[in-house]
>>> print(open('input.cif').read())   # mmCIF, C-alpha atoms
data_coords
#
loop_
_atom_site.label_atom_id
_atom_site.label_comp_id
_atom_site.auth_asym_id
_atom_site.auth_seq_id
_atom_site.Cartn_x
_atom_site.Cartn_y
_atom_site.Cartn_z
CA MET A 1 132.05 84.85 89.66
CA PRO A 2 135.37 85.62 91.35
CA GLU A 3 135.00 86.83 94.91
CA GLN A 4 137.72 89.43 95.36
CA ARG A 5 136.56 91.12 98.50
CA ALA A 6 138.38 90.93 101.80
CA LEU A 7 137.14 88.64 104.52
CA HIS A 8 136.09 90.30 107.76
CA GLU A 9 135.70 88.78 111.19
CA PRO A 10 133.90 86.54 112.09
CA PHE A 11 133.70 85.04 108.60
CA HIS A 12 136.08 82.40 107.26
CA GLN A 13 134.48 81.88 103.84
CA PRO A 14 133.61 84.55 101.25
CA ALA A 15 130.36 82.77 100.37
CA ARG A 16 129.22 82.77 103.98
CA GLN A 17 130.11 86.44 104.34
CA ARG A 18 128.19 87.32 101.19
CA GLU A 19 125.16 85.34 102.38
CA ALA A 20 125.13 87.15 105.74
CA ASP A 21 125.52 90.46 103.93
CA ARG A 22 122.52 89.87 101.66
CA LEU A 23 120.41 88.34 104.43
CA GLY A 24 120.91 91.39 106.65
CA MET A 25 119.74 93.67 103.85
CA ILE A 26 116.73 91.50 103.02
CA VAL A 27 115.62 91.33 106.68
CA PHE A 28 115.88 95.14 106.83
CA LEU A 29 113.84 95.44 103.62
CA ALA A 30 111.24 93.03 105.05
CA SER A 31 110.84 95.39 108.01
CA GLU A 32 110.35 98.25 105.52
CA ALA A 33 107.65 96.19 103.79
CA MET A 34 105.93 95.82 107.20
CA LEU A 35 106.03 99.58 107.73
CA PHE A 36 104.23 100.21 104.44
CA GLY A 37 102.02 97.15 105.04
CA GLY A 38 100.34 98.97 107.91
CA LEU A 39 99.51 101.86 105.57
CA PHE A 40 98.11 99.50 102.95
CA ALA A 41 95.95 97.84 105.61
CA ALA A 42 94.55 101.28 106.52
CA ALA A 43 93.74 102.01 102.85
CA MET A 44 92.09 98.60 102.52
CA ALA A 45 89.93 99.24 105.60
CA LEU A 46 88.87 102.62 104.19
CA ARG A 47 88.00 101.08 100.84
CA LEU A 48 86.04 98.17 102.37
CA LEU A 49 84.02 100.53 104.58
CA HIS A 50 83.35 103.20 101.92
CA PRO A 51 83.86 101.58 98.49
CA VAL A 52 81.94 104.16 96.43
CA GLU A 53 83.44 107.25 98.12
CA TYR A 54 86.94 105.73 97.97
CA VAL A 55 86.69 105.28 94.19
CA ALA A 56 85.31 108.82 93.79
CA ALA A 57 88.17 110.27 95.88
CA SER A 58 90.73 108.37 93.79
CA GLY A 59 89.23 109.92 90.65
CA HIS A 60 90.62 113.33 91.69
CA LEU A 61 94.22 112.13 91.31
CA LYS A 62 96.01 112.45 87.98
CA LEU A 63 96.29 108.95 86.54
CA TRP A 64 98.83 109.90 83.87
CA LEU A 65 101.24 111.48 86.32
CA GLY A 66 101.06 108.34 88.47
CA THR A 67 101.52 106.12 85.42
CA ALA A 68 104.48 108.16 84.16
CA ASN A 69 106.08 107.92 87.59
CA THR A 70 105.56 104.14 87.61
CA ALA A 71 107.34 103.84 84.25
CA ILE A 72 110.13 106.13 85.49
CA LEU A 73 110.73 104.10 88.66
CA LEU A 74 110.66 100.81 86.71
CA THR A 75 113.30 102.16 84.32
CA SER A 76 115.34 103.49 87.24
CA SER A 77 115.26 100.01 88.79
CA LEU A 78 116.51 98.55 85.52
CA MET A 79 119.43 101.01 85.60
CA ALA A 80 120.31 99.95 89.16
CA ALA A 81 120.21 96.27 88.14
CA VAL A 82 122.42 97.02 85.11
CA ALA A 83 124.89 98.83 87.42
CA VAL A 84 125.22 95.71 89.59
CA GLU A 85 125.92 93.49 86.57
CA ALA A 86 128.36 96.04 85.15
CA ALA A 87 130.33 96.22 88.41
CA ARG A 88 130.45 92.41 88.60
CA SER A 89 131.67 92.05 85.05
CA GLY A 90 134.40 94.62 85.67
CA SER A 91 132.97 97.66 83.87
CA PRO A 92 133.20 100.43 86.49
CA ARG A 93 132.43 103.16 83.92
CA LEU A 94 129.19 101.53 82.83
CA ALA A 95 128.30 100.97 86.49
CA GLY A 96 128.83 104.66 87.20
CA TRP A 97 126.77 105.79 84.21
CA SER A 98 123.95 103.37 85.05
CA LEU A 99 123.83 104.62 88.65
CA GLY A 100 123.83 108.20 87.35
CA SER A 101 120.86 107.42 85.07
CA ALA A 102 119.02 105.77 87.96
CA ILE A 103 119.55 108.92 90.05
CA ILE A 104 118.38 111.27 87.27
CA LEU A 105 115.21 109.19 86.85
CA ALA A 106 114.68 109.28 90.62
CA LEU A 107 114.97 113.08 90.59
CA LEU A 108 112.51 113.19 87.69
CA PHE A 109 110.13 111.06 89.78
CA LEU A 110 110.39 113.56 92.66
CA GLY A 111 109.87 116.47 90.24
CA ILE A 112 106.66 114.96 88.86
CA LYS A 113 105.51 114.17 92.39
CA GLY A 114 106.13 117.77 93.41
CA TYR A 115 104.21 119.04 90.36
CA GLU A 116 101.37 116.71 91.33
CA TYR A 117 101.38 118.01 94.94
CA LEU A 118 101.23 121.56 93.58
CA GLY A 119 98.16 120.70 91.50
CA GLU A 120 96.48 119.13 94.51
CA TYR A 121 97.29 122.21 96.59
CA ARG A 122 95.65 124.41 93.94
CA GLU A 123 92.57 122.17 93.83
CA GLY A 124 92.21 122.39 97.61
CA LEU A 125 92.92 118.69 98.13
CA VAL A 126 95.59 119.07 100.83
CA PRO A 127 94.07 118.25 104.24
CA GLY A 128 94.71 120.79 106.98
CA LEU A 129 95.26 123.78 104.71
CA ALA A 130 92.99 126.82 104.70
CA ASN A 131 91.75 126.23 101.13
CA ALA A 132 91.03 122.51 101.69
CA HIS A 133 87.54 121.37 100.73
CA PHE A 134 86.37 117.79 100.36
CA GLY A 135 83.17 116.27 99.03
CA THR A 136 83.08 113.55 101.68
CA ARG A 137 84.88 112.58 104.91
CA THR A 138 86.14 109.54 103.03
CA GLN A 139 87.80 111.80 100.48
CA GLN A 140 89.52 113.68 103.29
CA LEU A 141 90.75 110.38 104.79
CA PHE A 142 91.80 109.21 101.32
CA MET A 143 93.85 112.38 100.79
CA ASN A 144 95.37 111.99 104.27
CA PHE A 145 96.41 108.49 103.25
CA TYR A 146 97.65 109.76 99.89
CA PHE A 147 99.99 112.35 101.43
CA VAL A 148 101.22 110.11 104.25
CA SER A 149 101.94 107.16 101.95
CA THR A 150 103.44 109.08 99.02
CA GLY A 151 105.32 111.33 101.48
CA LEU A 152 106.86 108.37 103.30
CA HIS A 153 107.62 106.80 99.93
CA GLY A 154 109.17 110.10 98.80
CA VAL A 155 111.47 110.07 101.83
CA HIS A 156 112.53 106.57 100.81
CA VAL A 157 113.21 107.82 97.28
CA MET A 158 115.48 110.53 98.74
CA VAL A 159 117.34 107.99 100.88
CA GLY A 160 117.64 105.80 97.77
CA ILE A 161 119.12 108.71 95.80
CA GLY A 162 121.65 109.15 98.61
CA LEU A 163 122.62 105.46 98.58
CA LEU A 164 122.86 105.33 94.77
CA GLY A 165 124.85 108.58 94.85
CA VAL A 166 127.37 107.28 97.38
CA SER A 167 127.77 104.11 95.29
CA ALA A 168 128.20 106.10 92.08
CA LEU A 169 130.79 108.46 93.56
CA SER A 170 132.86 105.77 95.26
CA ARG A 171 135.54 104.44 92.95
CA ALA A 172 136.07 101.47 95.28
CA ALA A 173 132.36 100.58 95.03
CA ARG A 174 132.39 100.77 91.22
CA GLU A 175 135.52 98.64 90.98
CA ASP A 176 134.33 96.07 93.53
CA ARG A 177 133.78 92.88 91.51
CA ALA A 178 131.53 91.54 94.26
CA ALA A 179 129.40 94.72 94.02
CA VAL A 180 128.66 94.77 97.75
CA LEU A 181 127.75 98.46 98.14
CA ILE A 182 126.16 98.86 94.71
CA GLY A 183 124.32 95.55 95.19
CA ASN A 184 122.81 96.58 98.52
CA ALA A 185 121.94 100.09 97.31
CA ALA A 186 120.22 98.46 94.30
CA LEU A 187 118.29 96.08 96.58
CA TYR A 188 116.99 99.06 98.56
CA TRP A 189 116.10 100.86 95.34
CA HIS A 190 114.16 97.86 93.99
CA LEU A 191 112.12 97.71 97.21
CA VAL A 192 111.25 101.42 96.90
CA ASP A 193 110.08 100.58 93.37
CA ILE A 194 107.98 97.61 94.55
CA ILE A 195 106.25 99.75 97.20
CA TRP A 196 105.30 102.25 94.49
CA LEU A 197 103.99 99.39 92.32
CA PHE A 198 101.41 98.72 95.05
CA LEU A 199 100.72 102.38 95.84
CA TYR A 200 99.81 102.85 92.16
CA PRO A 201 96.75 100.50 92.12
CA THR A 202 95.82 101.68 95.64
CA LEU A 203 95.79 105.40 94.86
CA TYR A 204 95.42 105.98 91.11
CA LEU A 205 93.71 103.03 89.45
CA PRO A 206 90.45 102.80 91.48
CA GLY A 207 89.24 106.17 90.19
CA VAL A 208 89.52 105.30 86.49
CA SER A 209 86.11 104.90 84.87
CA MET B 1 122.29 92.20 80.65
CA ILE B 2 119.89 91.16 77.86
CA ARG B 3 117.82 89.28 80.42
CA LEU B 4 117.45 92.47 82.50
CA VAL B 5 116.25 94.43 79.46
CA LEU B 6 113.72 91.69 78.62
CA VAL B 7 112.41 91.71 82.19
CA SER B 8 112.13 95.50 81.97
CA ALA B 9 110.14 95.17 78.70
CA ALA B 10 107.81 92.71 80.43
CA LEU B 11 107.35 95.17 83.31
CA MET B 12 106.42 97.98 80.89
CA LEU B 13 103.99 95.65 79.08
CA LEU B 14 102.33 94.80 82.41
CA LEU B 15 102.07 98.53 83.19
CA ALA B 16 100.32 99.09 79.84
CA VAL B 17 97.98 96.14 80.53
CA THR B 18 97.05 97.49 83.96
CA VAL B 19 96.22 100.95 82.53
CA VAL B 20 94.07 99.42 79.78
CA ALA B 21 92.35 97.07 82.26
CA ALA B 22 91.53 100.03 84.51
CA HIS B 23 89.56 101.60 81.65
CA LEU B 24 87.55 98.45 80.88
CA PRO B 25 84.15 97.82 82.53
CA LEU B 26 85.29 94.85 84.61
CA GLY B 27 83.20 95.60 87.69
CA PRO B 28 84.22 93.99 90.99
CA ALA B 29 87.14 92.19 89.29
CA LYS B 30 88.99 95.50 88.74
CA PRO B 31 90.91 95.68 92.04
CA TRP B 32 91.81 91.99 91.79
CA ILE B 33 93.25 92.52 88.31
CA ALA B 34 95.08 95.72 89.34
CA TYR B 35 96.67 94.11 92.42
CA GLY B 36 97.29 90.85 90.53
CA ILE B 37 99.33 92.76 87.93
CA ALA B 38 101.16 94.69 90.70
CA PHE B 39 102.00 91.35 92.31
CA ALA B 40 103.27 89.99 88.98
CA LYS B 41 105.50 93.07 88.51
CA ALA B 42 106.81 92.78 92.09
CA THR B 43 107.58 89.08 91.51
CA LEU B 44 109.58 89.88 88.36
CA ILE B 45 111.58 92.52 90.25
CA LEU B 46 112.20 90.24 93.24
CA TRP B 47 113.20 87.27 91.11
CA PHE B 48 115.39 88.98 88.49
CA PHE B 49 116.37 92.48 89.68
CA MET B 50 116.73 91.53 93.35
CA GLU B 51 118.34 88.24 92.29
CA MET B 52 116.18 85.91 94.34
CA ARG B 53 116.66 83.37 91.55
CA SER B 54 120.30 82.92 92.52
CA GLU B 55 119.87 83.48 96.26
CA GLY B 56 120.15 80.75 98.88
CA ALA B 57 117.31 79.30 100.92
CA THR B 58 117.91 81.58 103.94
CA ALA B 59 117.48 84.81 101.97
CA ARG B 60 114.43 83.44 100.14
CA LEU B 61 112.91 82.40 103.46
CA ALA B 62 113.41 85.92 104.85
CA MET B 63 111.65 87.38 101.82
CA VAL B 64 108.77 84.89 101.88
CA ALA B 65 108.35 85.49 105.64
CA ALA B 66 107.72 89.19 104.95
CA GLY B 67 105.07 88.24 102.39
CA VAL B 68 103.39 85.74 104.73
CA TRP B 69 103.24 88.26 107.59
CA LEU B 70 101.80 90.93 105.31
CA LEU B 71 99.23 88.46 104.00
CA MET B 72 98.17 87.59 107.57
CA MET B 73 97.84 91.24 108.53
CA LEU B 74 95.78 92.13 105.45
CA THR B 75 93.62 88.97 105.59
CA LEU B 76 92.74 89.36 109.26
CA THR B 77 92.03 93.10 108.80
CA ALA B 78 89.75 92.32 105.84
CA ALA B 79 88.07 89.52 107.81
CA ASP B 80 87.10 92.09 110.44
CA TYR B 81 85.72 94.76 108.10
CA LEU B 82 84.02 92.33 105.71
CA THR B 83 82.07 90.52 108.42
CA ARG B 84 80.95 93.43 110.61
CA SER B 85 77.63 93.68 108.75
CA TRP B 86 76.84 90.04 109.60
CA ILE B 87 76.07 90.96 113.19
CA GLY B 88 74.28 94.15 112.30
CA GLY B 89 76.89 96.36 113.83
#
>>> encode(input="input.cif", output="structure tokens")
Amino acid sequence: MPEQRALHEPFHQPARQREADRLGMIVFLASEAMLFGGLFAAAMALRLLHPVEYVAASGHLKLWLGTANTAILLTSSLMAAVAVEAARSGSPRLAGWSLGSAIILALLFLGIKGYEYLGEYREGLVPGLANAHFGTRTQQLFMNFYFVSTGLHGVHVMVGIGLLGVSALSRAAREDRAAVLIGNAALYWHLVDIIWLFLYPTLYLPGVS
Amino acid sequence: MIRLVLVSAALMLLLAVTVVAAHLPLGPAKPWIAYGIAFAKATLILWFFMEMRSEGATARLAMVAAGVWLLMMLTLTAADYLTRSWIGG
């Protein structure tokens, strides 16, 4: 793989610069994993204390919307990975199209999520609103967790769309054979995907009977 | 490129398996299976999509450190909630 990017201070070797570049991103992503880890710990505590009510609360979510969104994010991740390989192999057009597809899928994800929120609003499952009514306190806590975790994840999806968008619009990024910007945007996007992969069995799967 | 598509196919297969498994009467094993499959999917993404397979030891160490810290947090939290009933409180 030819390294064509310019060297910046304080680096003297392209390989060392690339390693530092990737390491910085991975350490940042590890801190993101910690942020969501706290939320997962809260969900685990709720489930261990109230296993039956937790499962019942999960049953009110729409499994198929969650499953469709999982498939959409997985495909979007594939598109981001394809964009990185395309940029490296010197196909800026394919890189641009792949990033565009990843963004469209991300927007579709947000659309489905919004539709899901609307349904939950209509069913009175949004804590704090006038029409909210819950069978148990655990269900209320579960829905609190649901909106905090999917909301925070949704913000990450929006940031991801921004990063993928900047990479797609930048000609320099698409033509960069080292795929620095596209590579790091893709890394971020894959982490957003991984977080959803764990939100899915935490929120949607327990309620299936 | 073909490798990425194959990994993606494996991810979709795992998604199908997890949906089917959620509908089966597997009792207390259900969450273990669901999270096990999520972990398998995350591993595929980390290894192939996030290119850990071609990354150096430093980057891999940073990634594993995140996993170890998460594991400690979740294990110690579970140890608290799972053993509270032992002392009747």
>>> resolve_selection(input="input.cif", expression="the PyMOL selection byres ((chain A) within 7 of (chain B))", output="mmCIF file with C-alpha atoms, keeping the file's coordinate frame")
data_model
loop_
_atom_site.group_PDB
_atom_site.id
_atom_site.type_symbol
_atom_site.label_atom_id
_atom_site.label_comp_id
_atom_site.auth_asym_id
_atom_site.auth_seq_id
_atom_site.Cartn_x
_atom_site.Cartn_y
_atom_site.Cartn_z
ATOM 1 C CA LEU A 23 120.410 88.340 104.430
ATOM 2 C CA ILE A 26 116.730 91.500 103.020
ATOM 3 C CA VAL A 27 115.620 91.330 106.680
ATOM 4 C CA ALA A 30 111.240 93.030 105.050
ATOM 5 C CA MET A 34 105.930 95.820 107.200
ATOM 6 C CA GLY A 37 102.020 97.150 105.040
ATOM 7 C CA ALA A 41 95.950 97.840 105.610
ATOM 8 C CA ALA A 45 89.930 99.240 105.600
ATOM 9 C CA LEU A 48 86.040 98.170 102.370
ATOM 10 C CA LEU A 49 84.020 100.530 104.580
ATOM 11 C CA ALA A 71 107.340 103.840 84.250
ATOM 12 C CA LEU A 78 116.510 98.550 85.520
ATOM 13 C CA ALA A 81 120.210 96.270 88.140
ATOM 14 C CA VAL A 82 122.420 97.020 85.110
ATOM 15 C CA LEU A 187 118.290 96.080 96.580
ATOM 16 C CA HIS A 190 114.160 97.860 93.990
ATOM 17 C CA ILE A 194 107.980 97.610 94.550
ATOM 18 C CA LEU A 197 103.990 99.390 92.320
ATOM 19 C CA PHE A 198 101.410 98.720 95.050
ATOM 20 C CA PRO A 201 96.750 100.500 92.120
ATOM 21 C CA LEU A 205 93.710 103.030 89.450
ATOM 22 C CA VAL A 208 89.520 105.300 86.490
ATOM 23 C CA SER A 209 86.110 104.900 84.870
#
>>> resolve_selection(input="input.cif", expression="the PyMOL selection byres ((chain A and resi 149-154) around 10)", output="ChimeraX atom specification")
/A:35-36,39-40,43,106,109-110,113-114,143-148,155-160,192-193,195-196,199-200,203
>>> residues_near_point(input="input.cif", point="(86.2, 113.4, 106.1)", cutoff="12 Å", atoms="all atoms listed in the file", output="PyMOL selection string")
chain A and resi 46+50+53-54+57+125+127-128+132-145
>>> atom_distance(input="input.cif", atom1="CA of Ala6 in chain A", atom2="CA of Ser91 in chain A")
19.9 Å
>>> resolve_selection(input="input.cif", expression="the PyMOL selection byres ((chain A and resi 101) around 12)", output="ChimeraX atom specification")
/A:72-73,75-83,94-100,102-108,161,164-165,168
>>> atom_distance(input="input.cif", atom1="CA of Ala56 in chain A", atom2="CA of Gly207 in chain A")
6.0 Å
>>> decode(input="input.cif", residues="range 1-54 of chain B", atoms="C-alpha atoms", output="short mmCIF file (atom, residue, chain, number, x, y, z; two decimals), in the first residue's frame")
data_model
loop_
_atom_site.label_atom_id
_atom_site.label_comp_id
_atom_site.auth_asym_id
_atom_site.auth_seq_id
_atom_site.Cartn_x
_atom_site.Cartn_y
_atom_site.Cartn_z
CA MET B 1 -13.86 -6.05 -1.30
CA ILE B 2 -15.24 -9.61 -1.58
CA ARG B 3 -14.08 -10.27 1.96
CA LEU B 4 -16.10 -7.27 3.21
CA VAL B 5 -19.24 -8.55 1.47
CA LEU B 6 -18.74 -12.03 2.98
CA VAL B 7 -18.33 -10.53 6.45
CA SER B 8 -21.51 -8.52 5.87
CA ALA B 9 -23.36 -11.72 4.85
CA ALA B 10 -22.15 -13.38 8.06
CA LEU B 11 -23.41 -10.39 10.07
CA MET B 12 -26.86 -10.63 8.46
CA LEU B 13 -26.94 -14.39 9.12
CA LEU B 14 -26.11 -13.75 12.79
CA LEU B 15 -28.91 -11.17 12.94
CA ALA B 16 -31.36 -13.75 11.56
CA VAL B 17 -30.11 -16.33 14.09
CA THR B 18 -30.57 -13.92 17.00
CA VAL B 19 -34.17 -13.12 15.94
CA VAL B 20 -35.01 -16.83 15.60
CA ALA B 21 -33.32 -17.64 18.93
CA ALA B 22 -35.35 -14.91 20.65
CA HIS B 23 -38.55 -16.71 19.60
CA LEU B 24 -37.43 -20.13 20.89
CA PRO B 25 -38.24 -21.28 24.44
CA LEU B 26 -34.66 -21.23 25.69
CA GLY B 27 -35.39 -20.00 29.20
CA PRO B 28 -32.54 -18.45 31.20
CA ALA B 29 -30.10 -19.05 28.31
CA LYS B 30 -31.85 -16.43 26.15
CA PRO B 31 -29.91 -13.33 27.26
CA TRP B 32 -26.62 -15.25 27.08
CA ILE B 33 -27.37 -16.28 23.50
CA ALA B 34 -28.54 -12.77 22.52
CA TYR B 35 -25.45 -11.07 23.97
CA GLY B 36 -23.18 -13.86 22.71
CA ILE B 37 -24.39 -13.21 19.15
CA ALA B 38 -24.02 -9.43 19.65
CA PHE B 39 -20.45 -10.04 20.80
CA ALA B 40 -19.77 -12.21 17.75
CA LYS B 41 -21.11 -9.48 15.44
CA ALA B 42 -19.04 -6.81 17.22
CA THR B 43 -15.93 -9.00 16.89
CA LEU B 44 -16.47 -9.39 13.13
CA ILE B 45 -16.85 -5.61 12.76
CA LEU B 46 -13.79 -4.86 14.91
CA TRP B 47 -11.61 -7.43 13.17
CA PHE B 48 -12.59 -6.84 9.52
CA PHE B 49 -14.41 -3.50 9.17
CA MET B 50 -12.31 -1.66 11.77
CA GLU B 51 -9.22 -3.47 10.46
CA MET B 52 -7.91 -4.76 13.77
CA ARG B 53 -6.56 -7.73 11.83
CA SER B 54 -3.94 -5.53 10.19
#
